[in-house]
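Step one of this worksheet: look at the structure below.
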Amino acid sequence: MGALISHCDRMFGMLSGRLFESLVLLFVRLALAGIFWRSGRTKVVEGTWLQISDTTKYLFENDYSDVPIPPDIAAHLATYSEHLFPILLVLGLATRFSALALLGMTLVIQIFVFPEAWWSVHIVWVALAMVLISRGAGMLSLDAAFMKARGR
């Protein structure tokens, strides 16, 4: 029994190290980025980078009309945010700020667009964002590389 406990202690010791945590944080960054990137891609004309589609304009004018920002501005802000912040998350650049921005978007979506989606969807997005806000990007990121270059 002592050998089993010792083996478990060694295994959990490896899993609690900085490298494993950095791998976990990389996966969290990719998961959150993927959610918003895919959403952002649905808002643009196929084959373009950032040309807002007529469908998106319609949705923001009608279905998402409770958002307290003018529809044209909200459509552009959402589309640009859902492209910029996922890219930053994948790179691990300005990770905490990007996660905070996506947390804010999630709360707007939760409150004004899909209030029924808390337990089914949004709680996961909030959890992913909060992990990144509290822990940062980890060692496998540009944030870490810049901090190392600055001598921190």
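Residue names in the structure tokens use chain letters A, B, ... in the order shown, residue numbers from 1 in each chain, and ligand numbers from 1 in the order shown.
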Contacts of stretch 58-68 of chain A at 6 Å or less, counting only C-alpha atoms, minus same-chain residues fewer than 2 places along, as a ChimeraX atom specification?
/A:55-56,71,112-113
Would you list the contacts of A:His83 as a PyMOL selection string, taking every protein, DNA or RNA residue within 8 Å and counting only C-alpha atoms, but skipping same-chain residues closer than 3 positions in sequence?
chain A and resi 36-37+40-41+79-80+86-87
Export, as an mmCIF file, in the first residue's frame, the selected residues with N, CA and C atoms.
```cif
data_model
loop_
_atom_site.group_PDB
_atom_site.id
_atom_site.type_symbol
_atom_site.label_atom_id
_atom_site.label_comp_id
_atom_site.auth_asym_id
_atom_site.auth_seq_id
_atom_site.Cartn_x
_atom_site.Cartn_y
_atom_site.Cartn_z
ATOM 1 N N PHE A 36 -15.062 31.580 -29.419
ATOM 2 C CA PHE A 36 -15.346 32.921 -29.929
ATOM 3 C C PHE A 36 -14.910 33.087 -31.385
ATOM 4 N N TRP A 37 -13.832 32.425 -31.798
ATOM 5 C CA TRP A 37 -13.397 32.501 -33.196
ATOM 6 C C TRP A 37 -14.481 31.949 -34.122
ATOM 7 N N GLY A 40 -17.268 34.381 -34.321
ATOM 8 C CA GLY A 40 -16.889 35.528 -35.140
ATOM 9 C C GLY A 40 -16.942 35.224 -36.630
ATOM 10 N N ARG A 41 -16.550 34.014 -36.994
ATOM 11 C CA ARG A 41 -16.555 33.642 -38.416
ATOM 12 C C ARG A 41 -17.974 33.551 -38.970
ATOM 13 N N THR A 79 -18.047 41.396 -33.783
ATOM 14 C CA THR A 79 -17.301 40.709 -34.836
ATOM 15 C C THR A 79 -15.801 40.919 -34.678
ATOM 16 N N TYR A 80 -15.390 42.150 -34.470
ATOM 17 C CA TYR A 80 -13.959 42.424 -34.337
ATOM 18 C C TYR A 80 -13.393 41.795 -33.067
ATOM 19 N N PRO A 86 -9.508 36.061 -29.632
ATOM 20 C CA PRO A 86 -9.064 34.677 -29.795
ATOM 21 C C PRO A 86 -7.645 34.561 -30.351
ATOM 22 N N ILE A 87 -7.290 35.431 -31.300
ATOM 23 C CA ILE A 87 -5.920 35.402 -31.828
ATOM 24 C C ILE A 87 -4.926 35.688 -30.708
#
```
Mind the document's chain letters and residue numbers, and return as a compact mmCIF listing (two decimals) with N, CA and C atoms, in the first residue's frame the residues of chain A that DSSP labels helix (DSSP H, G or I).
```txt
# COMPACT_ATOMS: atom_id res chain seq x y z
N GLY A 2 1.97 1.23 0.75
CA GLY A 2 2.88 2.37 0.81
C GLY A 2 3.48 2.68 -0.55
N ALA A 3 3.78 1.62 -1.35
CA ALA A 3 4.34 1.83 -2.69
C ALA A 3 3.32 2.52 -3.60
N LEU A 4 2.06 2.14 -3.47
CA LEU A 4 1.01 2.75 -4.27
C LEU A 4 0.86 4.23 -3.93
N ILE A 5 0.88 4.53 -2.64
CA ILE A 5 0.76 5.92 -2.21
C ILE A 5 1.96 6.73 -2.68
N SER A 6 3.14 6.15 -2.58
CA SER A 6 4.35 6.83 -3.05
C SER A 6 4.28 7.10 -4.55
N HIS A 7 3.82 6.11 -5.31
CA HIS A 7 3.67 6.25 -6.76
C HIS A 7 2.67 7.37 -7.08
N CYS A 8 1.55 7.38 -6.37
CA CYS A 8 0.54 8.44 -6.58
C CYS A 8 1.09 9.80 -6.23
N ASP A 9 1.85 9.90 -5.14
CA ASP A 9 2.46 11.17 -4.77
C ASP A 9 3.39 11.69 -5.85
N ARG A 10 4.21 10.81 -6.44
CA ARG A 10 5.12 11.22 -7.52
C ARG A 10 4.32 11.68 -8.74
N MET A 11 3.28 10.93 -9.09
CA MET A 11 2.46 11.27 -10.25
C MET A 11 1.77 12.63 -10.05
N PHE A 12 1.18 12.82 -8.88
CA PHE A 12 0.51 14.10 -8.62
C PHE A 12 1.51 15.23 -8.51
N GLY A 13 2.70 14.94 -8.05
CA GLY A 13 3.76 15.95 -8.01
C GLY A 13 4.11 16.43 -9.41
N MET A 14 4.20 15.51 -10.36
CA MET A 14 4.48 15.88 -11.75
C MET A 14 3.33 16.69 -12.33
N LEU A 15 2.12 16.30 -12.01
CA LEU A 15 0.94 16.97 -12.56
C LEU A 15 0.71 18.35 -11.96
N ARG A 18 4.89 23.32 -13.07
CA ARG A 18 4.65 24.46 -13.96
C ARG A 18 4.44 24.03 -15.40
N LEU A 19 5.14 23.01 -15.85
CA LEU A 19 4.99 22.58 -17.25
C LEU A 19 3.59 22.03 -17.50
N PHE A 20 3.12 21.17 -16.62
CA PHE A 20 1.76 20.63 -16.80
C PHE A 20 0.73 21.73 -16.70
N GLU A 21 0.89 22.64 -15.74
CA GLU A 21 -0.04 23.76 -15.62
C GLU A 21 -0.03 24.60 -16.90
N SER A 22 1.14 24.81 -17.48
CA SER A 22 1.22 25.59 -18.72
C SER A 22 0.53 24.89 -19.88
N LEU A 23 0.62 23.56 -19.92
CA LEU A 23 -0.11 22.80 -20.94
C LEU A 23 -1.62 22.93 -20.75
N VAL A 24 -2.05 22.85 -19.50
CA VAL A 24 -3.48 23.01 -19.20
C VAL A 24 -3.94 24.41 -19.60
N LEU A 25 -3.17 25.42 -19.26
CA LEU A 25 -3.53 26.79 -19.61
C LEU A 25 -3.55 27.00 -21.12
N LEU A 26 -2.64 26.33 -21.84
CA LEU A 26 -2.67 26.40 -23.30
C LEU A 26 -3.97 25.82 -23.83
N PHE A 27 -4.40 24.68 -23.30
CA PHE A 27 -5.67 24.09 -23.73
C PHE A 27 -6.86 24.97 -23.37
N VAL A 28 -6.81 25.60 -22.22
CA VAL A 28 -7.89 26.52 -21.83
C VAL A 28 -7.93 27.70 -22.80
N ARG A 29 -6.75 28.24 -23.14
CA ARG A 29 -6.70 29.35 -24.10
C ARG A 29 -7.28 28.93 -25.44
N LEU A 30 -6.89 27.75 -25.91
CA LEU A 30 -7.39 27.26 -27.21
C LEU A 30 -8.89 27.01 -27.18
N ALA A 31 -9.38 26.48 -26.07
CA ALA A 31 -10.82 26.20 -25.96
C ALA A 31 -11.63 27.49 -26.00
N LEU A 32 -11.25 28.48 -25.20
CA LEU A 32 -11.98 29.74 -25.18
C LEU A 32 -11.84 30.47 -26.51
N ALA A 33 -10.64 30.47 -27.07
CA ALA A 33 -10.43 31.12 -28.36
C ALA A 33 -11.28 30.46 -29.44
N GLY A 34 -11.35 29.15 -29.44
CA GLY A 34 -12.12 28.43 -30.46
C GLY A 34 -13.59 28.77 -30.42
N ILE A 35 -14.13 28.90 -29.23
CA ILE A 35 -15.55 29.23 -29.08
C ILE A 35 -15.86 30.57 -29.75
N PHE A 36 -15.06 31.58 -29.42
CA PHE A 36 -15.35 32.92 -29.93
C PHE A 36 -14.91 33.09 -31.38
N TRP A 37 -13.83 32.42 -31.80
CA TRP A 37 -13.40 32.50 -33.20
C TRP A 37 -14.48 31.95 -34.12
N ARG A 38 -15.01 30.79 -33.78
CA ARG A 38 -16.07 30.19 -34.61
C ARG A 38 -17.29 31.10 -34.67
N SER A 39 -17.64 31.72 -33.55
CA SER A 39 -18.76 32.65 -33.53
C SER A 39 -18.47 33.86 -34.41
N GLY A 40 -17.27 34.38 -34.32
CA GLY A 40 -16.89 35.53 -35.14
C GLY A 40 -16.94 35.22 -36.63
N ARG A 41 -16.55 34.01 -36.99
CA ARG A 41 -16.55 33.64 -38.42
C ARG A 41 -17.97 33.55 -38.97
N THR A 42 -18.96 33.29 -38.11
CA THR A 42 -20.34 33.24 -38.59
C THR A 42 -20.90 34.63 -38.87
N ASP A 54 -24.99 40.44 -44.03
CA ASP A 54 -26.35 40.98 -43.88
C ASP A 54 -27.11 40.26 -42.77
N THR A 55 -26.84 38.97 -42.63
CA THR A 55 -27.49 38.19 -41.57
C THR A 55 -27.11 38.73 -40.19
N THR A 56 -25.85 39.05 -40.03
CA THR A 56 -25.38 39.60 -38.76
C THR A 56 -26.05 40.94 -38.48
N LYS A 57 -26.11 41.79 -39.49
CA LYS A 57 -26.78 43.09 -39.33
C LYS A 57 -28.24 42.88 -38.92
N TYR A 58 -28.90 41.93 -39.57
CA TYR A 58 -30.30 41.65 -39.26
C TYR A 58 -30.44 41.18 -37.80
N LEU A 59 -29.58 40.24 -37.38
CA LEU A 59 -29.65 39.71 -36.02
C LEU A 59 -29.48 40.81 -34.98
N PHE A 60 -28.51 41.69 -35.19
CA PHE A 60 -28.27 42.74 -34.21
C PHE A 60 -29.39 43.79 -34.22
N GLU A 61 -30.03 43.98 -35.35
CA GLU A 61 -31.14 44.93 -35.43
C GLU A 61 -32.43 44.36 -34.84
N PRO A 71 -27.26 48.91 -32.84
CA PRO A 71 -27.02 47.64 -33.53
C PRO A 71 -25.82 47.62 -34.46
N ASP A 72 -25.61 48.69 -35.22
CA ASP A 72 -24.49 48.72 -36.15
C ASP A 72 -23.16 48.68 -35.41
N ILE A 73 -23.08 49.44 -34.32
CA ILE A 73 -21.85 49.46 -33.52
C ILE A 73 -21.66 48.11 -32.82
N ALA A 74 -22.73 47.56 -32.24
CA ALA A 74 -22.65 46.27 -31.54
C ALA A 74 -22.20 45.16 -32.49
N ALA A 75 -22.72 45.14 -33.71
CA ALA A 75 -22.34 44.10 -34.68
C ALA A 75 -20.86 44.18 -34.99
N HIS A 76 -20.36 45.39 -35.21
CA HIS A 76 -18.93 45.54 -35.51
C HIS A 76 -18.06 45.20 -34.29
N LEU A 77 -18.45 45.70 -33.12
CA LEU A 77 -17.67 45.40 -31.91
C LEU A 77 -17.60 43.90 -31.65
N ALA A 78 -18.74 43.23 -31.74
CA ALA A 78 -18.76 41.79 -31.50
C ALA A 78 -17.90 41.05 -32.51
N THR A 79 -18.05 41.40 -33.78
CA THR A 79 -17.30 40.71 -34.84
C THR A 79 -15.80 40.92 -34.68
N TYR A 80 -15.39 42.15 -34.47
CA TYR A 80 -13.96 42.42 -34.34
C TYR A 80 -13.39 41.80 -33.07
N SER A 81 -14.15 41.85 -31.98
CA SER A 81 -13.70 41.25 -30.72
C SER A 81 -13.56 39.75 -30.84
N GLU A 82 -14.51 39.12 -31.54
CA GLU A 82 -14.48 37.67 -31.67
C GLU A 82 -13.40 37.20 -32.64
N HIS A 83 -12.73 38.12 -33.28
CA HIS A 83 -11.56 37.77 -34.09
C HIS A 83 -10.26 38.14 -33.38
N LEU A 84 -10.21 39.34 -32.82
CA LEU A 84 -8.97 39.82 -32.19
C LEU A 84 -8.61 39.04 -30.93
N PHE A 85 -9.53 38.94 -29.98
CA PHE A 85 -9.18 38.34 -28.69
C PHE A 85 -8.85 36.85 -28.79
N PRO A 86 -9.51 36.06 -29.63
CA PRO A 86 -9.06 34.68 -29.79
C PRO A 86 -7.64 34.56 -30.35
N ILE A 87 -7.29 35.43 -31.30
CA ILE A 87 -5.92 35.40 -31.83
C ILE A 87 -4.93 35.69 -30.71
N LEU A 88 -5.22 36.70 -29.90
CA LEU A 88 -4.34 37.03 -28.78
C LEU A 88 -4.24 35.88 -27.79
N LEU A 89 -5.37 35.20 -27.54
CA LEU A 89 -5.34 34.05 -26.61
C LEU A 89 -4.48 32.92 -27.15
N VAL A 90 -4.61 32.61 -28.42
CA VAL A 90 -3.80 31.53 -29.01
C VAL A 90 -2.32 31.86 -28.89
N LEU A 91 -1.97 33.11 -29.12
CA LEU A 91 -0.58 33.53 -29.00
C LEU A 91 -0.13 33.64 -27.54
N THR A 95 -3.05 38.00 -22.39
CA THR A 95 -4.00 36.93 -22.08
C THR A 95 -5.05 37.33 -21.06
N ARG A 96 -4.63 37.90 -19.97
CA ARG A 96 -5.60 38.28 -18.94
C ARG A 96 -6.59 39.33 -19.47
N PHE A 97 -6.08 40.31 -20.19
CA PHE A 97 -6.95 41.34 -20.78
C PHE A 97 -7.92 40.72 -21.79
N SER A 98 -7.41 39.84 -22.65
CA SER A 98 -8.26 39.19 -23.66
C SER A 98 -9.34 38.34 -23.00
N ALA A 99 -8.97 37.60 -21.98
CA ALA A 99 -9.95 36.77 -21.27
C ALA A 99 -10.99 37.65 -20.58
N LEU A 100 -10.55 38.77 -20.03
CA LEU A 100 -11.48 39.70 -19.39
C LEU A 100 -12.46 40.28 -20.42
N ALA A 101 -11.96 40.62 -21.60
CA ALA A 101 -12.83 41.14 -22.66
C ALA A 101 -13.85 40.08 -23.07
N LEU A 102 -13.42 38.84 -23.22
CA LEU A 102 -14.36 37.77 -23.61
C LEU A 102 -15.32 37.44 -22.47
N LEU A 103 -14.89 37.59 -21.23
CA LEU A 103 -15.80 37.44 -20.10
C LEU A 103 -16.88 38.51 -20.17
N GLY A 104 -16.48 39.74 -20.46
CA GLY A 104 -17.45 40.82 -20.61
C GLY A 104 -18.45 40.53 -21.72
N MET A 105 -17.95 40.04 -22.85
CA MET A 105 -18.85 39.67 -23.95
C MET A 105 -19.81 38.58 -23.52
N THR A 106 -19.30 37.60 -22.80
CA THR A 106 -20.14 36.51 -22.33
C THR A 106 -21.26 37.02 -21.45
N LEU A 107 -20.93 37.94 -20.56
CA LEU A 107 -21.96 38.49 -19.66
C LEU A 107 -23.00 39.30 -20.43
N VAL A 108 -22.57 40.03 -21.45
CA VAL A 108 -23.53 40.76 -22.29
C VAL A 108 -24.44 39.78 -23.01
N ILE A 109 -23.87 38.73 -23.56
CA ILE A 109 -24.66 37.71 -24.25
C ILE A 109 -25.64 37.07 -23.27
N GLN A 110 -25.15 36.75 -22.08
CA GLN A 110 -25.99 36.11 -21.07
C GLN A 110 -27.16 37.00 -20.66
N ILE A 111 -26.87 38.26 -20.40
CA ILE A 111 -27.90 39.17 -19.88
C ILE A 111 -28.87 39.63 -20.96
N PHE A 112 -28.35 39.98 -22.13
CA PHE A 112 -29.19 40.65 -23.13
C PHE A 112 -29.62 39.79 -24.30
N VAL A 113 -28.94 38.67 -24.55
CA VAL A 113 -29.24 37.90 -25.77
C VAL A 113 -29.83 36.53 -25.46
N PRO A 115 -30.48 34.73 -22.13
CA PRO A 115 -30.47 34.58 -20.68
C PRO A 115 -30.76 33.15 -20.21
N GLU A 116 -31.33 32.34 -21.06
CA GLU A 116 -31.64 30.96 -20.68
C GLU A 116 -30.44 30.02 -20.81
N ALA A 117 -29.32 30.52 -21.31
CA ALA A 117 -28.18 29.65 -21.62
C ALA A 117 -27.11 29.60 -20.53
N TRP A 118 -27.41 30.05 -19.32
CA TRP A 118 -26.39 30.08 -18.27
C TRP A 118 -25.81 28.70 -17.98
N TRP A 119 -26.64 27.76 -17.53
CA TRP A 119 -26.13 26.46 -17.11
C TRP A 119 -25.71 25.59 -18.29
N SER A 120 -26.32 25.79 -19.44
CA SER A 120 -26.01 24.93 -20.57
C SER A 120 -24.74 25.35 -21.31
N VAL A 121 -24.39 26.63 -21.30
CA VAL A 121 -23.28 27.10 -22.11
C VAL A 121 -22.38 28.12 -21.40
N HIS A 122 -22.98 29.20 -20.97
CA HIS A 122 -22.18 30.35 -20.54
C HIS A 122 -21.35 30.11 -19.29
N ILE A 123 -21.80 29.24 -18.42
CA ILE A 123 -21.01 28.99 -17.21
C ILE A 123 -19.63 28.41 -17.57
N VAL A 124 -19.58 27.62 -18.64
CA VAL A 124 -18.30 27.06 -19.08
C VAL A 124 -17.41 28.17 -19.62
N TRP A 125 -17.97 29.08 -20.42
CA TRP A 125 -17.18 30.19 -20.95
C TRP A 125 -16.65 31.06 -19.83
N VAL A 126 -17.49 31.33 -18.83
CA VAL A 126 -17.07 32.13 -17.68
C VAL A 126 -15.94 31.42 -16.93
N ALA A 127 -16.09 30.13 -16.72
CA ALA A 127 -15.05 29.37 -16.01
C ALA A 127 -13.71 29.42 -16.76
N LEU A 128 -13.75 29.22 -18.07
CA LEU A 128 -12.52 29.27 -18.87
C LEU A 128 -11.87 30.65 -18.77
N ALA A 129 -12.67 31.70 -18.92
CA ALA A 129 -12.13 33.06 -18.85
C ALA A 129 -11.56 33.34 -17.47
N MET A 130 -12.25 32.90 -16.42
CA MET A 130 -11.78 33.17 -15.06
C MET A 130 -10.46 32.45 -14.75
N VAL A 131 -10.29 31.26 -15.29
CA VAL A 131 -9.01 30.56 -15.11
C VAL A 131 -7.89 31.38 -15.71
N LEU A 132 -8.11 31.89 -16.92
CA LEU A 132 -7.05 32.67 -17.57
C LEU A 132 -6.82 34.02 -16.89
N ILE A 133 -7.88 34.65 -16.41
CA ILE A 133 -7.73 35.92 -15.71
C ILE A 133 -6.93 35.70 -14.42
N SER A 134 -7.21 34.62 -13.72
CA SER A 134 -6.54 34.39 -12.44
C SER A 134 -5.14 33.80 -12.58
N ARG A 135 -4.91 32.95 -13.59
CA ARG A 135 -3.62 32.26 -13.70
C ARG A 135 -2.71 32.82 -14.79
N LEU A 142 3.46 34.08 -25.37
CA LEU A 142 4.24 35.29 -25.60
C LEU A 142 4.30 36.15 -24.35
N ASP A 143 3.25 36.11 -23.55
CA ASP A 143 3.29 36.84 -22.27
C ASP A 143 4.50 36.41 -21.45
N ALA A 144 4.71 35.10 -21.34
CA ALA A 144 5.83 34.57 -20.55
C ALA A 144 7.16 34.94 -21.19
N ALA A 145 7.23 34.87 -22.52
CA ALA A 145 8.46 35.21 -23.21
C ALA A 145 8.81 36.68 -23.00
N PHE A 146 7.81 37.57 -23.07
CA PHE A 146 8.07 38.99 -22.83
C PHE A 146 8.47 39.26 -21.39
N MET A 147 7.84 38.57 -20.46
CA MET A 147 8.20 38.74 -19.05
C MET A 147 9.64 38.27 -18.81
N LYS A 148 10.01 37.17 -19.44
CA LYS A 148 11.36 36.65 -19.29
C LYS A 148 12.38 37.63 -19.89
N ALA A 149 12.03 38.19 -21.05
CA ALA A 149 12.92 39.15 -21.70
C ALA A 149 13.08 40.42 -20.88
```
Computed gap from atom CA of A:Pro70 to atom CA of A:Glu46 is 24.3 Å
Separation of atom CA of A:Ala94 and atom CA of A:Leu50, in Å?
21.7 Å
